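J.: Here you go, this is run14.pdb (PDB, C-alpha atoms).
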ATOM      1  CA  MET A   1       0.643  19.496  38.080
ATOM      2  CA  ASN A   2       3.759  20.486  39.893
ATOM      3  CA  LYS A   3       6.990  19.909  38.086
ATOM      4  CA  PHE A   4      10.436  20.514  39.354
ATOM      5  CA  ILE A   5      13.152  21.519  36.964
ATOM      6  CA  PHE A   6      16.756  21.553  37.944
ATOM      7  CA  GLY A   7      18.921  23.899  35.971
ATOM      8  CA  LEU A   8      22.481  24.954  36.162
ATOM      9  CA  SER A   9      23.127  28.669  36.403
ATOM     10  CA  GLN A  10      26.071  30.366  34.781
ATOM     11  CA  ASN A  11      27.865  29.735  38.006
ATOM     12  CA  SER A  12      27.827  25.945  37.673
ATOM     13  CA  LYS A  13      28.073  25.437  41.377
ATOM     14  CA  GLN A  14      24.606  26.797  41.959
ATOM     15  CA  ILE A  15      21.621  24.598  41.235
ATOM     16  CA  LEU A  16      18.343  26.311  40.647
ATOM     17  CA  LEU A  17      15.141  24.693  41.773
ATOM     18  CA  LEU A  18      12.023  25.838  39.999
ATOM     19  CA  LYS A  19       8.618  25.027  41.396
ATOM     20  CA  ASN A  20       5.444  24.854  39.316
ATOM     21  CA  ALA A  21       7.450  24.621  36.133
ATOM     22  CA  SER A  22       4.619  23.017  34.143
ATOM     23  CA  LYS A  23       4.017  26.220  32.203
ATOM     24  CA  ILE A  24       7.651  26.397  31.198
ATOM     25  CA  SER A  25       7.788  22.755  30.093
ATOM     26  CA  GLN A  26       4.647  23.185  28.023
ATOM     27  CA  THR A  27       6.153  26.161  26.233
ATOM     28  CA  PHE A  28       9.304  24.183  25.647
ATOM     29  CA  GLN A  29       7.337  21.318  24.106
ATOM     30  CA  LYS A  30       5.664  23.755  21.721
ATOM     31  CA  PHE A  31       8.957  24.840  20.240
ATOM     32  CA  SER A  32      10.519  21.396  20.052
ATOM     33  CA  SER A  33       9.595  18.888  17.249
ATOM     34  CA  SER A  34       5.869  19.248  17.163
ATOM     35  CA  VAL A  35       4.866  16.081  15.378
ATOM     36  CA  ASP A  36       5.889  12.490  16.015
ATOM     37  CA  ILE A  37       7.230  10.735  12.928
ATOM     38  CA  GLY A  38       4.796   8.087  11.743
ATOM     39  CA  SER A  39       1.872   9.634  13.612
ATOM     40  CA  LYS A  40      -1.448  10.460  11.948
ATOM     41  CA  GLU A  41      -0.643  14.153  11.931
ATOM     42  CA  HIS A  42       2.757  13.588  10.400
ATOM     43  CA  LEU A  43       1.413  11.310   7.655
ATOM     44  CA  ASN A  44      -1.477  13.649   7.034
ATOM     45  CA  ASN A  45       1.075  16.370   6.331
ATOM     46  CA  LEU A  46       3.034  14.110   3.993
ATOM     47  CA  VAL A  47       0.043  12.998   1.906
ATOM     48  CA  SER A  48      -1.217  16.557   1.599
ATOM     49  CA  LYS A  49       2.084  18.102   0.547
ATOM     50  CA  SER A  50       1.824  17.145  -3.103
ATOM     51  CA  LYS A  51      -0.939  16.071  -5.434
ATOM     52  CA  VAL A  52       0.664  12.674  -5.853
ATOM     53  CA  VAL A  53       2.464  10.980  -2.969
ATOM     54  CA  VAL A  54       3.886   7.466  -3.083
ATOM     55  CA  PHE A  55       5.025   5.345  -0.138
ATOM     56  CA  MET A  56       7.339   2.676  -1.497
ATOM     57  CA  LYS A  57      10.276   0.421  -0.804
ATOM     58  CA  GLY A  58      13.418   2.082  -2.067
ATOM     59  CA  ASN A  59      13.256   5.249  -4.142
ATOM     60  CA  PRO A  60      12.285   6.055  -7.749
ATOM     61  CA  GLU A  61      15.878   5.734  -8.921
ATOM     62  CA  GLU A  62      16.321   2.427  -7.144
ATOM     63  CA  PRO A  63      13.093   0.649  -6.183
ATOM     64  CA  LYS A  64      13.697  -2.257  -3.826
ATOM     65  CA  CYS A  65      10.635  -4.314  -4.640
ATOM     66  CA  GLY A  66       8.852  -5.436  -7.789
ATOM     67  CA  PHE A  67       5.525  -3.913  -6.787
ATOM     68  CA  SER A  68       7.095  -0.562  -5.924
ATOM     69  CA  ASN A  69       8.993  -0.688  -9.191
ATOM     70  CA  ALA A  70       5.760  -1.236 -11.109
ATOM     71  CA  VAL A  71       4.304   1.931  -9.580
ATOM     72  CA  VAL A  72       7.454   3.892 -10.429
ATOM     73  CA  GLN A  73       7.360   2.718 -14.037
ATOM     74  CA  ILE A  74       3.684   3.628 -14.444
ATOM     75  CA  MET A  75       4.320   7.079 -13.017
ATOM     76  CA  ARG A  76       7.214   7.457 -15.420
ATOM     77  CA  MET A  77       5.082   6.521 -18.411
ATOM     78  CA  HIS A  78       2.529   9.158 -17.463
ATOM     79  CA  ASP A  79       5.329  11.593 -16.590
ATOM     80  CA  VAL A  80       3.782  12.348 -13.214
ATOM     81  CA  LYS A  81       5.700  14.340 -10.597
ATOM     82  CA  TYR A  82       5.312  12.913  -7.119
ATOM     83  CA  ASP A  83       6.752  12.825  -3.603
ATOM     84  CA  ALA A  84       8.286   9.444  -2.865
ATOM     85  CA  HIS A  85       8.846   8.147   0.665
ATOM     86  CA  ASP A  86      11.056   5.129   1.258
ATOM     87  CA  VAL A  87       9.424   3.203   4.090
ATOM     88  CA  LEU A  88      12.529   1.084   4.523
ATOM     89  CA  GLN A  89      14.313   4.140   5.908
ATOM     90  CA  ASP A  90      12.036   4.446   8.914
ATOM     91  CA  GLU A  91      10.058   1.645  10.559
ATOM     92  CA  ARG A  92       7.751   4.244  12.150
ATOM     93  CA  ILE A  93       6.652   5.391   8.716
ATOM     94  CA  ARG A  94       6.479   1.849   7.406
ATOM     95  CA  GLN A  95       4.062   0.755  10.118
ATOM     96  CA  GLY A  96       2.457   4.168  10.493
ATOM     97  CA  ILE A  97       1.291   4.429   6.909
ATOM     98  CA  LYS A  98      -0.275   0.958   7.095
ATOM     99  CA  ASP A  99      -2.268   2.011  10.172
ATOM    100  CA  TYR A 100      -3.103   5.414   8.701
ATOM    101  CA  SER A 101      -4.521   3.986   5.469
ATOM    102  CA  GLU A 102      -5.826   0.725   6.972
ATOM    103  CA  TRP A 103      -3.975  -0.884   4.081
ATOM    104  CA  PRO A 104      -1.525  -3.666   4.895
ATOM    105  CA  THR A 105       0.901  -3.425   1.998
ATOM    106  CA  ILE A 106       3.450  -1.172   0.341
ATOM    107  CA  PRO A 107       3.444   0.578  -2.135
ATOM    108  CA  GLN A 108       0.620   3.013  -1.459
ATOM    109  CA  VAL A 109      -0.353   5.754  -3.868
ATOM    110  CA  PHE A 110      -2.131   8.905  -2.711
ATOM    111  CA  LEU A 111      -3.834  11.325  -5.048
ATOM    112  CA  ASN A 112      -4.956  14.602  -3.545
ATOM    113  CA  GLY A 113      -4.480  13.253  -0.041
ATOM    114  CA  GLU A 114      -6.556  10.156  -0.648
ATOM    115  CA  LEU A 115      -5.385   6.577  -1.054
ATOM    116  CA  ILE A 116      -6.154   5.406  -4.580
ATOM    117  CA  GLY A 117      -4.565   2.025  -4.038
ATOM    118  CA  GLY A 118      -1.461  -0.068  -4.355
ATOM    119  CA  CYS A 119       0.293  -1.662  -7.277
ATOM    120  CA  ASP A 120      -2.593  -3.922  -8.389
ATOM    121  CA  ILE A 121      -5.126  -1.110  -8.539
ATOM    122  CA  LEU A 122      -2.709   1.251 -10.260
ATOM    123  CA  ILE A 123      -1.970  -1.308 -12.962
ATOM    124  CA  GLN A 124      -5.702  -1.818 -13.591
ATOM    125  CA  MET A 125      -6.306   1.931 -13.742
ATOM    126  CA  HIS A 126      -3.359   2.366 -16.079
ATOM    127  CA  GLN A 127      -4.578  -0.371 -18.418
ATOM    128  CA  ASN A 128      -8.145   0.856 -18.713
ATOM    129  CA  GLY A 129      -7.389   4.551 -18.967
ATOM    130  CA  GLU A 130      -8.868   5.394 -15.588
ATOM    131  CA  LEU A 131      -5.548   6.684 -14.327
ATOM    132  CA  ILE A 132      -5.391   9.311 -17.051
ATOM    133  CA  GLU A 133      -8.918  10.409 -16.086
ATOM    134  CA  GLN A 134      -8.190  10.597 -12.386
ATOM    135  CA  LEU A 135      -5.007  12.572 -12.963
ATOM    136  CA  GLN A 136      -6.886  14.944 -15.258
ATOM    137  CA  LYS A 137      -9.563  15.502 -12.596
ATOM    138  CA  ASN A 138      -6.803  16.631 -10.276
ATOM    139  CA  GLY A 139      -5.206  18.965 -12.775
ATOM    140  CA  ILE A 140      -2.449  16.627 -13.875
ATOM    141  CA  THR A 141      -2.037  15.973 -17.579
ATOM    142  CA  SER A 142      -0.670  12.538 -18.305
ATOM    143  CA  ALA A 143       2.044  12.248 -20.961
ATOM    144  CA  LEU A 144       0.034   9.403 -22.439
ATOM    145  CA  ILE A 145      -2.977  11.606 -23.090
ATOM    146  CA  GLN A 146      -1.515  12.780 -26.396
ATOM    147  CA  GLU A 147      -1.109   9.204 -27.497
ATOM    148  CA  VAL A 148      -4.731   8.551 -26.556
ATOM    149  CA  ASN A 149      -5.877  11.498 -28.633
ATOM    150  CA  GLU A 150      -3.718  10.555 -31.578
ATOM    151  CA  LYS A 151      -4.852   6.976 -31.640
ATOM    152  CA  GLY A 152      -8.441   7.930 -31.064
ATOM    153  CA  GLU A 153      -8.887   5.080 -28.662
ATOM    154  CA  LYS A 154      -7.761   4.226 -25.141
ATOM    155  CA  ASP A 155      -4.154   3.123 -24.720
ATOM    156  CA  GLU A 156      -4.031  -0.485 -23.607
ATOM    157  CA  LYS A 157      -0.574  -0.690 -22.066
TER     158      LYS A 157
ATOM    159  CA  MET B   1      16.809 -34.412 -13.614
ATOM    160  CA  PHE B   2      17.417 -31.446 -15.886
ATOM    161  CA  LEU B   3      14.048 -31.947 -17.596
ATOM    162  CA  PHE B   4      12.367 -32.056 -14.181
ATOM    163  CA  ILE B   5      13.793 -28.644 -13.278
ATOM    164  CA  ILE B   6      12.683 -27.142 -16.581
ATOM    165  CA  LYS B   7       9.189 -28.544 -16.099
ATOM    166  CA  ARG B   8       8.900 -27.052 -12.601
ATOM    167  CA  CYS B   9      10.142 -23.663 -13.790
ATOM    168  CA  TYR B  10       7.617 -23.790 -16.642
ATOM    169  CA  LEU B  11       4.749 -24.511 -14.268
ATOM    170  CA  GLN B  12       5.692 -21.775 -11.831
ATOM    171  CA  ALA B  13       6.341 -19.213 -14.537
ATOM    172  CA  PHE B  14       2.896 -19.659 -16.018
ATOM    173  CA  SER B  15       1.110 -19.936 -12.654
ATOM    174  CA  VAL B  16      -1.744 -22.181 -13.697
ATOM    175  CA  PRO B  17      -4.515 -22.114 -11.074
ATOM    176  CA  SER B  18      -4.380 -25.256  -8.980
ATOM    177  CA  LYS B  19      -7.129 -27.885  -8.976
ATOM    178  CA  PRO B  20      -9.044 -28.368  -5.697
ATOM    179  CA  SER B  21      -7.253 -31.650  -5.054
ATOM    180  CA  GLU B  22      -3.849 -30.022  -5.553
ATOM    181  CA  ARG B  23      -4.398 -27.020  -3.260
ATOM    182  CA  SER B  24      -2.239 -26.593  -0.209
ATOM    183  CA  ASP B  25      -3.713 -26.457   3.288
ATOM    184  CA  GLU B  26      -3.031 -22.754   3.506
ATOM    185  CA  GLU B  27      -4.715 -22.056   0.163
ATOM    186  CA  ASN B  28      -7.778 -23.975   1.334
ATOM    187  CA  LYS B  29      -7.784 -22.114   4.634
ATOM    188  CA  LEU B  30      -7.764 -18.764   2.855
ATOM    189  CA  ILE B  31     -10.532 -19.870   0.507
ATOM    190  CA  ASN B  32     -12.682 -20.948   3.460
ATOM    191  CA  VAL B  33     -12.178 -17.652   5.265
ATOM    192  CA  LEU B  34     -13.161 -15.778   2.105
ATOM    193  CA  LYS B  35     -16.187 -18.010   1.577
ATOM    194  CA  SER B  36     -17.494 -17.211   5.028
ATOM    195  CA  LYS B  37     -16.875 -13.461   4.666
ATOM    196  CA  PHE B  38     -18.275 -13.275   1.130
ATOM    197  CA  PRO B  39     -21.182 -15.723   1.118
ATOM    198  CA  GLN B  40     -22.498 -14.353  -2.172
ATOM    199  CA  ALA B  41     -19.217 -14.651  -4.027
ATOM    200  CA  SER B  42     -19.504 -16.288  -7.426
ATOM    201  CA  LEU B  43     -15.789 -16.914  -7.720
ATOM    202  CA  ILE B  44     -12.967 -17.259  -5.207
ATOM    203  CA  GLU B  45      -9.464 -18.180  -6.298
ATOM    204  CA  VAL B  46      -6.384 -18.342  -4.118
ATOM    205  CA  GLN B  47      -2.998 -19.319  -5.395
ATOM    206  CA  ASP B  48       0.344 -19.496  -3.656
ATOM    207  CA  ILE B  49       2.735 -17.736  -6.035
ATOM    208  CA  SER B  50       5.778 -18.009  -3.856
ATOM    209  CA  GLY B  51       6.574 -21.511  -5.036
ATOM    210  CA  GLY B  52       4.866 -23.141  -2.058
ATOM    211  CA  CYS B  53       6.481 -20.972   0.612
ATOM    212  CA  GLY B  54       3.247 -19.329   1.704
ATOM    213  CA  ALA B  55       4.942 -15.959   1.381
ATOM    214  CA  MET B  56       2.889 -14.536  -1.457
ATOM    215  CA  TYR B  57      -0.637 -15.182  -2.707
ATOM    216  CA  ASP B  58      -2.689 -14.244  -5.719
ATOM    217  CA  ILE B  59      -6.297 -13.759  -4.622
ATOM    218  CA  SER B  60      -9.296 -13.253  -6.877
ATOM    219  CA  VAL B  61     -12.849 -12.720  -5.690
ATOM    220  CA  GLU B  62     -15.900 -12.018  -7.805
ATOM    221  CA  SER B  63     -19.028 -11.056  -5.906
ATOM    222  CA  VAL B  64     -22.156  -8.905  -6.099
ATOM    223  CA  GLU B  65     -21.155  -7.661  -2.661
ATOM    224  CA  PHE B  66     -18.563  -5.479  -4.405
ATOM    225  CA  LYS B  67     -21.120  -3.631  -6.460
ATOM    226  CA  ASP B  68     -20.831   0.162  -6.362
ATOM    227  CA  LEU B  69     -17.777   0.044  -4.129
ATOM    228  CA  SER B  70     -14.501   1.694  -5.147
ATOM    229  CA  ARG B  71     -11.564  -0.578  -5.867
ATOM    230  CA  VAL B  72      -9.882   0.567  -2.666
ATOM    231  CA  LYS B  73     -12.964  -0.395  -0.640
ATOM    232  CA  GLN B  74     -13.228  -3.752  -2.405
ATOM    233  CA  HIS B  75      -9.599  -4.586  -1.694
ATOM    234  CA  LYS B  76      -9.931  -3.381   1.905
ATOM    235  CA  LEU B  77     -12.817  -5.809   2.449
ATOM    236  CA  ILE B  78     -10.513  -8.611   1.399
ATOM    237  CA  THR B  79      -7.566  -7.493   3.493
ATOM    238  CA  GLN B  80      -9.818  -7.030   6.501
ATOM    239  CA  ALA B  81     -11.269 -10.505   6.010
ATOM    240  CA  LEU B  82      -7.766 -11.994   5.879
ATOM    241  CA  LYS B  83      -6.270  -9.718   8.544
ATOM    242  CA  GLU B  84      -4.757 -12.514  10.632
ATOM    243  CA  GLU B  85      -3.491 -14.563   7.702
ATOM    244  CA  ILE B  86      -1.860 -11.547   6.043
ATOM    245  CA  LYS B  87       0.397 -11.092   9.058
ATOM    246  CA  ASP B  88       2.304 -14.187   7.943
ATOM    247  CA  MET B  89       2.539 -13.158   4.299
ATOM    248  CA  HIS B  90       5.246 -11.187   2.588
ATOM    249  CA  GLY B  91       2.799  -9.813   0.059
ATOM    250  CA  LEU B  92      -0.365 -10.441  -1.889
ATOM    251  CA  ARG B  93      -1.997  -9.656  -5.213
ATOM    252  CA  ILE B  94      -5.693  -8.929  -5.152
ATOM    253  CA  SER B  95      -8.177  -8.868  -8.018
ATOM    254  CA  THR B  96     -11.795  -8.081  -7.316
ATOM    255  CA  SER B  97     -14.696  -7.937  -9.705
ATOM    256  CA  VAL B  98     -18.468  -7.824  -9.927
ATOM    257  CA  PRO B  99     -20.336 -10.518 -11.888
ATOM    258  CA  LYS B 100     -21.195  -9.349 -15.388
ATOM    259  CA  SER B 101     -24.873 -10.265 -15.195
TER     260      SER B 101
END
Translate the structure described by the file into structure tokens.
T.:
Amino acid sequence: MNKFIFGLSQNSKQILLLKNASKISQTFQKFSSSVDIGSKEHLNNLVSKSKVVVFMKGNPEEPKCGFSNAVVQIMRMHDVKYDAHDVLQDERIRQGIKDYSEWPTIPQVFLNGELIGGCDILIQMHQNGELIEQLQKNGITSALIQEVNEKGEKDEK
Amino acid sequence: MFLFIIKRCYLQAFSVPSKPSERSDEENKLINVLKSKFPQASLIEVQDISGGCGAMYDISVESVEFKDLSRVKQHKLITQALKEEIKDMHGLRISTSVPKS
């Protein structure tokens, strides 16, 4: 495909006309921002960056929604380190993550790159001890595991 | 008047499931959609928890169709069934389960 690129030389009065510049534009695209924000590739990178990744409204210090806050509190109880992404900061991420996961609501919790659920599921898993198990399977030791061992039975809340 | 307000707050705070005759049109609509998508469901409950605004719903479905599926998959079946209706909602709470027998 023929592309014409107009460029200004050092002598600004001269205008350079480049024919067949498709190769040059392709190279240029390679070095510019390679991934669109909110795209599958971009979100794939985000969910793979850490073992636990949370898409929420607000941030862990200041959640902006009750459901997101519930997730933050559960993570705090288990003392889990995670990447948090505030979807309210970027509409592309807010919509993108819903399309990526085929999950219509926020918050979304990813463990090892896979969606384990939203607030409802996390609460259930927390209450029945499944969360501790899942974290353990992925090499994360929950802070509540000592309590479980001490009590000799699963922690209810 | 004051007693009326307290009574309403009490009812909403404890979110008692509504009787069939007291359900809103939207609650009934959601129940019907779920009934058609989950014909083998043994229990379907839908409750508007936004004080009648239709902004937030509490949805419970118990069905053998959920057997052996992960929680994520179970919830996705529900959200896919209610795809159109969810567009108008602010949020929803989902509980899924498999019959004990």
J.: Give me, as a PyMOL selection string, the residues of chain B touching chain A, with the criterion being at most 9 Å (counting only C-alpha atoms).
T.: chain B and resi 71-72+75-76+79-80+83+86-87+90-95
J.: Those same residues - C-alpha atoms - I'd like them written as a compact mmCIF listing (two decimals), keeping the file's coordinate frame.
T.:
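Result file is again-v1.txt:
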# COMPACT_ATOMS: atom_id res chain seq x y z
CA ARG B 71 -11.56 -0.58 -5.87
CA VAL B 72 -9.88 0.57 -2.67
CA HIS B 75 -9.60 -4.59 -1.69
CA LYS B 76 -9.93 -3.38 1.90
CA THR B 79 -7.57 -7.49 3.49
CA GLN B 80 -9.82 -7.03 6.50
CA LYS B 83 -6.27 -9.72 8.54
CA ILE B 86 -1.86 -11.55 6.04
CA LYS B 87 0.40 -11.09 9.06
CA HIS B 90 5.25 -11.19 2.59
CA GLY B 91 2.80 -9.81 0.06
CA LEU B 92 -0.36 -10.44 -1.89
CA ARG B 93 -2.00 -9.66 -5.21
CA ILE B 94 -5.69 -8.93 -5.15
CA SER B 95 -8.18 -8.87 -8.02
J.: Record the distance separating atom CA of Arg94 of chain A and atom CA of Gly38 of chain A, expressed in Å with one decimal.
T.: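 That distance, rounded to one decimal, is 7.8 Å.
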J.: Report, in Å with one decimal, the straight-line distance from atom CA of Asn44 of chain A to atom CA of Asp68 of chain B.
T.: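 Taking atom CA of Asn44 of chain A as the start and atom CA of Asp68 of chain B as the end point, the length is 27.1 Å.
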J.: For atom CA of Leu30 of chain B and atom CA of Pro107 of chain A, quote the distance in Å rounded to one decimal.
T.: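 It comes out at 22.9 Å.
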J.: Tell me, as a VMD selection string, which residues lie within 9 Å of Glu133 of chain A, counting only C-alpha atoms; anything in the same chain fewer than 5 positions away does not count.
T.: chain A and resid 138 141 to 142
